[in-house]
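Enquirer: So I've got this file, model28.pdb, and it contains PDB, C-alpha atoms:
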```
MODEL        1
ATOM      1  CA  MET A   1       9.898  20.118  29.637
ATOM      2  CA  ILE A   2       7.880  20.024  26.373
ATOM      3  CA  GLU A   3      10.777  18.989  24.187
ATOM      4  CA  GLU A   4      11.322  15.843  26.291
ATOM      5  CA  LEU A   5       7.796  14.664  25.513
ATOM      6  CA  LEU A   6       8.159  14.919  21.758
ATOM      7  CA  ASP A   7       9.845  13.289  18.835
ATOM      8  CA  GLU A   8       9.332  13.764  15.116
ATOM      9  CA  ASP A   9       6.787  10.896  14.984
ATOM     10  CA  LEU A  10       4.504  12.893  17.275
ATOM     11  CA  ILE A  11       4.351  15.918  15.003
ATOM     12  CA  LEU A  12       2.008  16.133  12.027
ATOM     13  CA  ILE A  13       1.893  18.686   9.260
ATOM     14  CA  LEU A  14      -1.316  18.567   7.224
ATOM     15  CA  ASP A  15      -2.525  20.757   4.410
ATOM     16  CA  LYS A  16      -6.199  20.381   5.184
ATOM     17  CA  ILE A  17      -8.645  18.524   7.398
ATOM     18  CA  GLU A  18     -12.238  19.503   7.970
ATOM     19  CA  ASP A  19     -13.325  17.701  11.119
ATOM     20  CA  LYS A  20     -11.688  18.331  14.488
ATOM     21  CA  PHE A  21     -12.583  14.884  15.832
ATOM     22  CA  LYS A  22     -11.064  13.229  12.758
ATOM     23  CA  LEU A  23      -7.890  15.218  13.411
ATOM     24  CA  ILE A  24      -7.879  14.158  17.062
ATOM     25  CA  GLU A  25      -8.256  10.510  15.976
ATOM     26  CA  ILE A  26      -5.264  10.834  13.655
ATOM     27  CA  MET A  27      -3.262  12.470  16.451
ATOM     28  CA  VAL A  28      -4.135   9.734  18.940
ATOM     29  CA  ASP A  29      -3.199   7.089  16.367
ATOM     30  CA  LYS A  30       0.254   8.656  16.071
ATOM     31  CA  THR A  31       0.902   7.628  19.667
ATOM     32  CA  LEU A  32      -0.086   3.979  19.329
ATOM     33  CA  GLY A  33       3.372   2.640  18.591
ATOM     34  CA  LYS A  34       4.914   4.376  21.603
ATOM     35  CA  GLY A  35       3.825   1.852  24.212
ATOM     36  CA  LEU A  36       2.061   4.505  26.276
ATOM     37  CA  VAL A  37      -1.528   3.849  25.264
ATOM     38  CA  VAL A  38      -3.519   1.154  27.045
ATOM     39  CA  THR A  39      -6.612   1.459  24.853
ATOM     40  CA  ARG A  40      -7.449   3.932  22.104
ATOM     41  CA  GLU A  41     -11.241   4.349  22.370
ATOM     42  CA  PRO A  42     -11.433   5.691  25.950
ATOM     43  CA  ILE A  43      -8.988   8.448  24.993
ATOM     44  CA  LEU A  44     -11.164   9.530  22.081
ATOM     45  CA  ASP A  45     -14.306   9.298  24.229
ATOM     46  CA  LYS A  46     -12.755  11.443  26.941
ATOM     47  CA  ILE A  47     -11.591  14.081  24.456
ATOM     48  CA  ARG A  48     -15.012  14.128  22.746
ATOM     49  CA  GLU A  49     -16.752  14.431  26.136
ATOM     50  CA  ARG A  50     -14.506  17.348  27.050
ATOM     51  CA  GLU A  51     -14.938  19.073  23.686
ATOM     52  CA  GLU A  52     -18.707  18.793  24.028
ATOM     53  CA  LEU A  53     -18.553  20.556  27.388
ATOM     54  CA  GLU A  54     -16.168  23.260  26.225
ATOM     55  CA  SER A  55     -14.196  23.869  23.088
ATOM     56  CA  THR A  56     -10.472  23.751  23.693
ATOM     57  CA  GLY A  57      -9.961  25.984  20.676
ATOM     58  CA  VAL A  58      -8.594  28.894  22.613
ATOM     59  CA  VAL A  59      -7.734  31.982  20.555
ATOM     60  CA  GLU A  60      -5.399  33.071  17.774
ATOM     61  CA  GLY A  61      -5.666  29.813  15.860
ATOM     62  CA  ILE A  62      -4.601  27.553  18.713
ATOM     63  CA  ALA A  63      -6.405  24.524  20.143
ATOM     64  CA  LEU A  64      -5.362  22.458  23.122
ATOM     65  CA  PRO A  65      -7.601  19.396  23.353
ATOM     66  CA  HIS A  66      -6.714  17.791  26.668
ATOM     67  CA  ALA A  67      -7.962  15.173  29.092
ATOM     68  CA  ARG A  68      -6.891  12.794  31.822
ATOM     69  CA  THR A  69      -7.678   9.116  31.515
ATOM     70  CA  GLU A  70      -6.399   5.761  32.735
ATOM     71  CA  ALA A  71      -6.183   4.723  29.081
ATOM     72  CA  VAL A  72      -2.630   6.084  28.947
ATOM     73  CA  LYS A  73       0.409   5.062  30.952
ATOM     74  CA  ASP A  74       2.183   8.404  30.817
ATOM     75  CA  LEU A  75       1.587  11.895  29.475
ATOM     76  CA  LEU A  76       1.176  12.039  25.704
ATOM     77  CA  LEU A  77       1.751  15.102  23.603
ATOM     78  CA  VAL A  78       1.077  15.317  19.878
ATOM     79  CA  ILE A  79       1.305  18.439  17.722
ATOM     80  CA  ALA A  80      -0.532  19.050  14.459
ATOM     81  CA  ILE A  81      -0.120  21.982  12.124
ATOM     82  CA  VAL A  82      -3.028  22.307   9.704
ATOM     83  CA  LYS A  83      -2.011  24.742   7.005
ATOM     84  CA  GLU A  84      -5.530  25.695   5.879
ATOM     85  CA  GLY A  85      -7.000  25.844   9.349
ATOM     86  CA  LEU A  86     -10.162  24.163  10.610
ATOM     87  CA  ASP A  87     -13.208  25.060  12.610
ATOM     88  CA  PHE A  88     -12.589  24.184  16.258
ATOM     89  CA  GLN A  89     -15.506  26.249  17.625
ATOM     90  CA  SER A  90     -12.900  28.586  19.084
ATOM     91  CA  LEU A  91     -13.789  31.349  21.507
ATOM     92  CA  ASP A  92     -12.833  33.982  18.941
ATOM     93  CA  GLY A  93     -14.410  32.119  16.015
ATOM     94  CA  LYS A  94     -11.105  32.015  14.121
ATOM     95  CA  PRO A  95      -9.977  28.851  12.310
ATOM     96  CA  VAL A  96      -7.383  26.792  14.136
ATOM     97  CA  ASN A  97      -4.148  25.694  12.554
ATOM     98  CA  ILE A  98      -2.012  24.760  15.552
ATOM     99  CA  VAL A  99      -3.229  21.874  17.723
ATOM    100  CA  PHE A 100      -1.564  20.446  20.813
ATOM    101  CA  LEU A 101      -3.171  17.214  22.052
ATOM    102  CA  ILE A 102      -2.353  16.476  25.672
ATOM    103  CA  VAL A 103      -3.504  13.290  27.396
ATOM    104  CA  ALA A 104      -2.326  12.180  30.819
ATOM    105  CA  PRO A 105      -3.108   9.472  33.352
ATOM    106  CA  GLU A 106      -5.368  10.494  36.235
ATOM    107  CA  GLU A 107      -2.514  10.439  38.757
ATOM    108  CA  ALA A 108      -0.264  12.706  36.664
ATOM    109  CA  LYS A 109      -2.301  15.835  37.402
ATOM    110  CA  LYS A 110       0.644  18.037  38.388
ATOM    111  CA  LYS A 111       2.690  17.165  35.291
ATOM    112  CA  TYR A 112      -0.404  17.564  33.117
ATOM    113  CA  ILE A 113      -1.142  21.045  34.470
ATOM    114  CA  ASN A 114       2.510  22.078  34.218
ATOM    115  CA  VAL A 115       2.616  21.012  30.561
ATOM    116  CA  LEU A 116      -0.668  22.776  29.766
ATOM    117  CA  ALA A 117       0.585  25.922  31.489
ATOM    118  CA  ARG A 118       3.902  25.869  29.636
ATOM    119  CA  ILE A 119       2.279  25.340  26.232
ATOM    120  CA  SER A 120      -0.337  28.024  26.909
ATOM    121  CA  ARG A 121       2.369  30.468  27.887
ATOM    122  CA  MET A 122       4.453  29.662  24.800
ATOM    123  CA  CYS A 123       1.395  30.006  22.549
ATOM    124  CA  ARG A 124       0.717  33.560  23.731
ATOM    125  CA  GLN A 125       3.880  34.641  21.933
ATOM    126  CA  GLU A 126       3.041  35.726  18.428
ATOM    127  CA  GLU A 127       6.518  34.883  17.091
ATOM    128  CA  PHE A 128       6.121  31.323  18.356
ATOM    129  CA  ARG A 129       2.748  30.897  16.653
ATOM    130  CA  THR A 130       4.069  32.368  13.403
ATOM    131  CA  ALA A 131       7.149  30.153  13.458
ATOM    132  CA  LEU A 132       5.004  27.047  13.954
ATOM    133  CA  ARG A 133       2.595  28.006  11.186
ATOM    134  CA  GLU A 134       5.429  28.613   8.760
ATOM    135  CA  SER A 135       7.366  25.472   9.619
ATOM    136  CA  GLN A 136       7.859  22.890   6.897
ATOM    137  CA  SER A 137       8.933  19.777   8.783
ATOM    138  CA  PRO A 138       8.626  18.039  12.176
ATOM    139  CA  ALA A 139      12.348  18.586  12.699
ATOM    140  CA  GLU A 140      11.860  22.329  12.276
ATOM    141  CA  ILE A 141       8.949  22.292  14.750
ATOM    142  CA  LEU A 142      11.060  20.445  17.316
ATOM    143  CA  LYS A 143      13.734  23.107  16.938
ATOM    144  CA  ILE A 144      11.174  25.898  17.481
ATOM    145  CA  ILE A 145       9.753  24.134  20.548
ATOM    146  CA  LYS A 146      13.248  23.778  21.980
ATOM    147  CA  GLU A 147      13.933  27.461  21.466
ATOM    148  CA  TYR A 148      10.759  28.651  23.231
ATOM    149  CA  ASP A 149      10.516  25.962  25.924
ATOM    150  CA  VAL A 150      12.355  27.908  28.600
TER     151      VAL A 150
ATOM    152  CA  MET B   1     -27.519  34.706  34.669
ATOM    153  CA  GLU B   2     -25.440  33.114  31.922
ATOM    154  CA  ARG B   3     -21.891  34.360  32.330
ATOM    155  CA  ILE B   4     -19.969  34.366  35.583
ATOM    156  CA  LEU B   5     -16.444  35.722  35.826
ATOM    157  CA  LEU B   6     -14.012  34.543  38.471
ATOM    158  CA  TYR B   7     -11.003  36.777  38.917
ATOM    159  CA  ILE B   8      -8.174  34.491  39.947
ATOM    160  CA  VAL B   9      -5.599  36.112  42.184
ATOM    161  CA  SER B  10      -3.681  33.074  43.378
ATOM    162  CA  GLY B  11      -4.057  29.509  44.540
ATOM    163  CA  GLU B  12      -5.010  30.798  47.989
ATOM    164  CA  THR B  13      -8.439  31.868  46.847
ATOM    165  CA  ARG B  14     -10.057  28.421  46.582
ATOM    166  CA  THR B  15     -13.205  29.396  48.513
ATOM    167  CA  SER B  16     -14.112  31.784  45.704
ATOM    168  CA  TRP B  17     -13.250  29.076  43.154
ATOM    169  CA  ASN B  18     -15.678  26.686  44.829
ATOM    170  CA  ARG B  19     -18.392  29.357  45.043
ATOM    171  CA  ALA B  20     -17.948  30.207  41.354
ATOM    172  CA  ILE B  21     -18.226  26.542  40.355
ATOM    173  CA  GLU B  22     -21.272  25.946  42.590
ATOM    174  CA  LEU B  23     -23.060  29.025  41.272
ATOM    175  CA  SER B  24     -22.213  28.295  37.641
ATOM    176  CA  LYS B  25     -23.491  24.768  38.049
ATOM    177  CA  SER B  26     -26.727  25.726  39.768
ATOM    178  CA  LEU B  27     -27.437  28.481  37.219
ATOM    179  CA  SER B  28     -26.165  26.489  34.190
ATOM    180  CA  ALA B  29     -23.886  29.436  33.516
ATOM    181  CA  THR B  30     -20.532  29.479  31.723
ATOM    182  CA  LEU B  31     -17.661  30.136  34.091
ATOM    183  CA  PHE B  32     -15.067  32.535  32.738
ATOM    184  CA  ALA B  33     -11.800  32.458  34.670
ATOM    185  CA  LEU B  34      -9.385  35.348  34.343
ATOM    186  CA  PHE B  35      -5.821  35.759  35.551
ATOM    187  CA  ILE B  36      -4.100  39.081  35.011
ATOM    188  CA  VAL B  37      -0.385  39.701  34.678
ATOM    189  CA  ASP B  38      -0.393  43.198  36.112
ATOM    190  CA  LYS B  39       2.624  45.150  34.887
ATOM    191  CA  GLU B  40       2.991  47.079  38.138
ATOM    192  CA  THR B  41       2.991  43.826  40.101
ATOM    193  CA  VAL B  42       5.597  42.365  37.755
ATOM    194  CA  ARG B  43       7.832  45.390  38.294
ATOM    195  CA  LYS B  44       7.523  45.184  42.079
ATOM    196  CA  VAL B  45       8.084  41.425  42.223
ATOM    197  CA  ALA B  46      11.107  41.727  39.920
ATOM    198  CA  ASN B  47      12.606  44.433  42.146
ATOM    199  CA  LEU B  48      11.900  42.418  45.277
ATOM    200  CA  ARG B  49      13.519  39.284  43.847
ATOM    201  CA  GLY B  50      16.321  41.174  42.138
ATOM    202  CA  LYS B  51      15.303  39.586  38.851
ATOM    203  CA  ASP B  52      14.729  40.703  35.310
ATOM    204  CA  GLU B  53      11.183  41.975  34.600
ATOM    205  CA  ILE B  54      10.768  39.783  31.524
ATOM    206  CA  ASP B  55      11.745  36.617  33.408
ATOM    207  CA  THR B  56       9.454  37.600  36.283
ATOM    208  CA  ALA B  57       6.549  38.166  33.899
ATOM    209  CA  ILE B  58       7.153  34.732  32.355
ATOM    210  CA  GLU B  59       7.131  33.100  35.816
ATOM    211  CA  ILE B  60       3.958  34.923  36.850
ATOM    212  CA  GLU B  61       2.234  34.080  33.582
ATOM    213  CA  GLU B  62       3.057  30.393  33.820
ATOM    214  CA  GLU B  63       1.878  30.343  37.431
ATOM    215  CA  GLY B  64      -1.336  32.010  36.273
ATOM    216  CA  TRP B  65      -1.950  29.329  33.679
ATOM    217  CA  LYS B  66      -1.456  26.674  36.355
ATOM    218  CA  TYR B  67      -4.163  28.280  38.520
ATOM    219  CA  LEU B  68      -6.442  28.492  35.501
ATOM    220  CA  TYR B  69      -6.004  24.848  34.573
ATOM    221  CA  HIS B  70      -6.422  23.746  38.214
ATOM    222  CA  LEU B  71      -9.708  25.615  38.263
ATOM    223  CA  GLU B  72     -10.724  24.091  34.942
ATOM    224  CA  GLU B  73     -10.110  20.579  36.284
ATOM    225  CA  LYS B  74     -12.352  21.289  39.273
ATOM    226  CA  ALA B  75     -15.034  22.851  37.089
ATOM    227  CA  VAL B  76     -15.012  20.041  34.538
ATOM    228  CA  ASP B  77     -15.350  17.477  37.350
ATOM    229  CA  SER B  78     -18.545  19.338  38.299
ATOM    230  CA  GLY B  79     -19.756  19.459  34.685
ATOM    231  CA  VAL B  80     -19.364  23.238  34.475
ATOM    232  CA  LYS B  81     -18.500  24.817  31.142
ATOM    233  CA  THR B  82     -15.418  27.004  31.537
ATOM    234  CA  ALA B  83     -13.386  29.415  29.450
ATOM    235  CA  LEU B  84      -9.886  30.399  30.532
ATOM    236  CA  PHE B  85      -8.258  33.753  29.918
ATOM    237  CA  LEU B  86      -4.914  35.281  30.775
ATOM    238  CA  GLU B  87      -4.484  38.964  30.068
ATOM    239  CA  GLU B  88      -1.827  41.586  30.688
ATOM    240  CA  GLY B  89      -2.301  45.141  31.912
ATOM    241  CA  ASN B  90      -3.807  47.145  34.722
ATOM    242  CA  THR B  91      -6.096  44.877  36.767
ATOM    243  CA  ILE B  92      -9.084  47.234  37.018
ATOM    244  CA  GLU B  93      -8.894  48.233  33.355
ATOM    245  CA  VAL B  94      -8.557  44.641  32.169
ATOM    246  CA  ILE B  95     -11.512  43.450  34.269
ATOM    247  CA  ARG B  96     -13.670  46.394  33.272
ATOM    248  CA  THR B  97     -13.038  45.811  29.566
ATOM    249  CA  PHE B  98     -13.472  42.056  29.947
ATOM    250  CA  VAL B  99     -16.821  42.410  31.738
ATOM    251  CA  LYS B 100     -18.059  44.746  29.034
ATOM    252  CA  ASP B 101     -16.778  42.777  26.025
ATOM    253  CA  LYS B 102     -17.888  39.383  27.264
ATOM    254  CA  GLU B 103     -21.197  40.659  28.700
ATOM    255  CA  ILE B 104     -20.468  39.229  32.128
ATOM    256  CA  ASP B 105     -23.420  39.030  34.528
ATOM    257  CA  LEU B 106     -21.531  38.545  37.792
ATOM    258  CA  LEU B 107     -17.951  38.996  38.953
ATOM    259  CA  ILE B 108     -16.680  36.816  41.808
ATOM    260  CA  VAL B 109     -13.577  37.828  43.727
ATOM    261  CA  GLY B 110     -11.961  36.162  46.711
ATOM    262  CA  HIS B 111     -11.081  38.324  49.689
ATOM    263  CA  ARG B 112      -8.024  37.234  51.602
ATOM    264  CA  ARG B 113      -7.267  38.479  55.071
ATOM    265  CA  GLY B 114      -4.138  40.498  54.451
ATOM    266  CA  GLU B 115      -1.916  42.575  56.626
ATOM    267  CA  GLY B 116       0.428  45.431  55.812
ATOM    268  CA  ILE B 117       0.722  47.253  52.512
ATOM    269  CA  GLY B 118      -0.193  44.205  50.387
ATOM    270  CA  GLY B 119      -3.380  43.606  52.380
ATOM    271  CA  ARG B 120      -4.437  47.254  52.209
ATOM    272  CA  LYS B 121      -3.728  47.368  48.475
ATOM    273  CA  TYR B 122      -5.924  44.336  47.933
ATOM    274  CA  VAL B 123      -8.767  45.912  49.910
ATOM    275  CA  ARG B 124      -8.375  49.029  47.743
ATOM    276  CA  LEU B 125      -8.507  46.862  44.621
ATOM    277  CA  ILE B 126     -11.785  45.307  45.759
ATOM    278  CA  GLU B 127     -13.200  48.771  46.496
ATOM    279  CA  GLN B 128     -12.252  49.858  42.974
ATOM    280  CA  LEU B 129     -13.831  46.767  41.473
ATOM    281  CA  ILE B 130     -17.102  47.531  43.249
ATOM    282  CA  GLU B 131     -16.923  51.124  42.096
ATOM    283  CA  TYR B 132     -15.870  50.690  38.469
ATOM    284  CA  ILE B 133     -17.021  47.279  37.243
ATOM    285  CA  PRO B 134     -20.328  47.474  35.386
ATOM    286  CA  CYS B 135     -21.874  44.311  36.859
ATOM    287  CA  PRO B 136     -22.693  42.913  40.312
ATOM    288  CA  VAL B 137     -19.623  41.868  42.317
ATOM    289  CA  LEU B 138     -19.673  38.960  44.762
ATOM    290  CA  ILE B 139     -16.866  39.052  47.299
ATOM    291  CA  GLU B 140     -16.177  35.680  48.819
ATOM    292  CA  LYS B 141     -14.380  35.634  52.131
ATOM    293  CA  GLU B 142     -11.468  33.217  51.817
ATOM    294  CA  GLY B 143     -10.726  30.645  54.475
ATOM    295  CA  GLY B 144     -14.105  30.897  56.221
TER     296      GLY B 144
ENDMDL
END
```
Could you render the structure from this file as structure tokens?
Expert:
Amino acid sequence: MIEELLDEDLILILDKIEDKFKLIEIMVDKTLGKGLVVTREPILDKIREREELESTGVVEGIALPHARTEAVKDLLLVIAIVKEGLDFQSLDGKPVNIVFLIVAPEEAKKKYINVLARISRMCRQEEFRTALRESQSPAEILKIIKEYDV
Amino acid sequence: MERILLYIVSGETRTSWNRAIELSKSLSATLFALFIVDKETVRKVANLRGKDEIDTAIEIEEEGWKYLYHLEEKAVDSGVKTALFLEEGNTIEVIRTFVKDKEIDLLIVGHRRGEGIGGRKYVRLIEQLIEYIPCPVLIEKEGG
């Protein structure tokens, strides 16, 4: 399910970034060539609006910024690994270094929730989180996702 | 009242979901939503389905996340700040620890009309929550 939504272009590995909204902008920009984005700004606005209401930095260094908007034609998934970690105002106060950005059209609610549920479940596994953090390339991350996406 | 906890049992407890969202909104409280993968339940469901316990736990956990994100969508539409949690363990113990650690002011639980052993067990669970949870408990009758 998750693997089908990804390719290597949608996976980022960064050493450091300090601002979560800057990271989200970079992640959204990764999707622009895929023909799935109608307009960029409404996506960023929706994510910012959602982050202001509640931080999507969950626990254990994971963040799942997510939103539904008509600014996309189909569900978008982008992954970023930030080696040094960044402040995502997480519930446990820990820095985040694994970020899954999920954006879906309004009508794709079921798919959106299924993807969020699958990623959340995968992220509860410590081995999965460790493997992602230690990965060195998008290809390696895709392989890890494939292994745990069952 | 700043912190309200909704214990999510299943998708059939939407009356309690709505009550939790309404109350959180009117009190400007944060809504904490908790789903518990209870090990005893996993064992029983696995036996009943003739399936492996690990696979059953995975299915139950993913279902739990779906309930949590459904709730979050409803809450966000109402402008309510939410925090989602999925924990494993004994239901009463997990809720008791959660209420204490997160300084919860009110626990909301849906009460389904149940028959047979499952229904009686659920009533017993609610009785235990009232007895052991160190905060007020609001029981919302499901389905009117």
Enquirer: Would you kindly translate the PyMOL selection byres ((chain B) within 8 of (chain A)) into the concrete residues it picks from this file, as a list in words?
Expert: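 Here the PyMOL selection byres ((chain B) within 8 of (chain A)) matches Ile58, Glu61, Glu62, Glu63, Gly64, Trp65, Lys66, Tyr69, His70, Val76, Gly79, Val80, Lys81, Thr82 and Ala83 of chain B.
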Enquirer: Using all atoms listed in the file and a cutoff of 10 Å, can you tell me which residues are near (1.8, 23.1, 12.5) in the file's coordinates, and write them out as a PyMOL selection string?
Expert: chain A and resi 11-15+62+79-83+85+97-100+129-138+141
Enquirer: For A:Phe88, which residue out of A:Ile17, A:Ala63, A:Leu5, A:Leu32 is the nearest one, using only C-alpha atoms?
Expert: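 Smallest distance to A:Phe88 is found for A:Ala63.
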Enquirer: Taking into account only C-alpha atoms, which residue in the set B:Ile21, B:Ile54, B:Val9, B:Leu48 is nearest to B:His111?
Expert: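 Between B:Ile21, B:Ile54, B:Val9, B:Leu48, the residue approaching B:His111 most closely is B:Val9.
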Enquirer: Write out as a compact mmCIF listing (two decimals) with C-alpha atoms, in the frame of the given file the residues lying within 10 Å of B:Thr41, counting all atoms listed in the file and excluding same-chain residues fewer than 5 positions away.
Expert:
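around35.txt was written with the following content:
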```txt
# COMPACT_ATOMS: atom_id res chain seq x y z
CA ILE B 36 -4.10 39.08 35.01
CA ALA B 46 11.11 41.73 39.92
CA ASN B 47 12.61 44.43 42.15
CA THR B 56 9.45 37.60 36.28
CA ALA B 57 6.55 38.17 33.90
CA ILE B 60 3.96 34.92 36.85
CA GLY B 89 -2.30 45.14 31.91
CA ASN B 90 -3.81 47.14 34.72
CA THR B 91 -6.10 44.88 36.77
```
Enquirer: Hey, what comes out of the PyMOL selection byres ((chain B and resi 132) around 12) on this file? Could you write it as an NGL selection string?
Expert: :B and (91-97 or 99-100 or 107 or 125-131 or 133-137)
Enquirer: Mind checking which residues fall within 7 Å of A:Leu10, counting all atoms listed in the file, ignoring those fewer than 2 positions away in the same chain, and posting them as a list in words?
Expert: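 Non-adjacent residues within range: Leu6, Asp7, Glu8, Leu12, Lys30, Thr31, Val78 and Ile79 of chain A.
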Enquirer: Could you write out that same residue set with C-alpha atoms as a compact mmCIF listing (two decimals), in the frame of the given file?
Expert:
```
# COMPACT_ATOMS: atom_id res chain seq x y z
CA LEU A 6 8.16 14.92 21.76
CA ASP A 7 9.85 13.29 18.84
CA GLU A 8 9.33 13.76 15.12
CA LEU A 12 2.01 16.13 12.03
CA LYS A 30 0.25 8.66 16.07
CA THR A 31 0.90 7.63 19.67
CA VAL A 78 1.08 15.32 19.88
CA ILE A 79 1.30 18.44 17.72
```
Enquirer: I'd like to see the residues matched by the PyMOL selection byres ((chain B and resi 4) around 7) on this file, and ideally I'd get them as an NGL selection string.
Expert: :B and (2-3 or 5-6 or 24 or 29-32 or 104-107)
Enquirer: Taking all atoms of stretch 141-147 of chain A that the file lists and extending 8 Å past them on each side, where is the centre of the axis-aligned box and how long are its edges? Answer in Å to one decimal, as lines of an AutoDock Vina configuration file.
Expert:
```
center_x = 11.4
center_y = 24.0
center_z = 18.4
size_x = 21.0
size_y = 23.0
size_z = 23.2
```
Enquirer: Tell me, in Å to one decimal, how far atom CA of B:Ile108 is from atom CA of B:Val42.
Expert: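 Atom CA of B:Ile108 sits 23.3 Å away from atom CA of B:Val42.
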Enquirer: Could you jot down the atom CA of B:Val109 to atom CA of A:Asp92 separation for me, Å, one decimal place?
Expert: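 Interatomic distance, atom CA of B:Val109 to atom CA of A:Asp92: 25.1 Å.
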Enquirer: How far is it from atom CA of B:Ala75 to atom CA of B:Ala33, in Å with one decimal?
Expert: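 According to the coordinates, atom CA of B:Ala75 and atom CA of B:Ala33 are separated by 10.4 Å.
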Enquirer: Of the candidates A:Asp9, A:Glu106, A:Glu60, A:Val37, which shows the shortest atom-to-atom distance to B:Glu73, using all atoms listed in the file?
Expert: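 Nearest candidate to B:Glu73 out of A:Asp9, A:Glu106, A:Glu60, A:Val37: A:Glu106.
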Enquirer: Show me, as a compact mmCIF listing (two decimals) with C-alpha atoms, keeping the file's coordinate frame, the residues that have an atom within 8 Å of A:Thr69 when counting only C-alpha atoms, minus same-chain residues fewer than 5 positions from it.
Expert:
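File out38.txt, as written:
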```txt
# COMPACT_ATOMS: atom_id res chain seq x y z
CA PRO A 42 -11.43 5.69 25.95
CA ILE A 43 -8.99 8.45 24.99
CA LYS A 46 -12.76 11.44 26.94
CA VAL A 103 -3.50 13.29 27.40
CA ALA A 104 -2.33 12.18 30.82
CA PRO A 105 -3.11 9.47 33.35
CA GLU A 106 -5.37 10.49 36.24
```
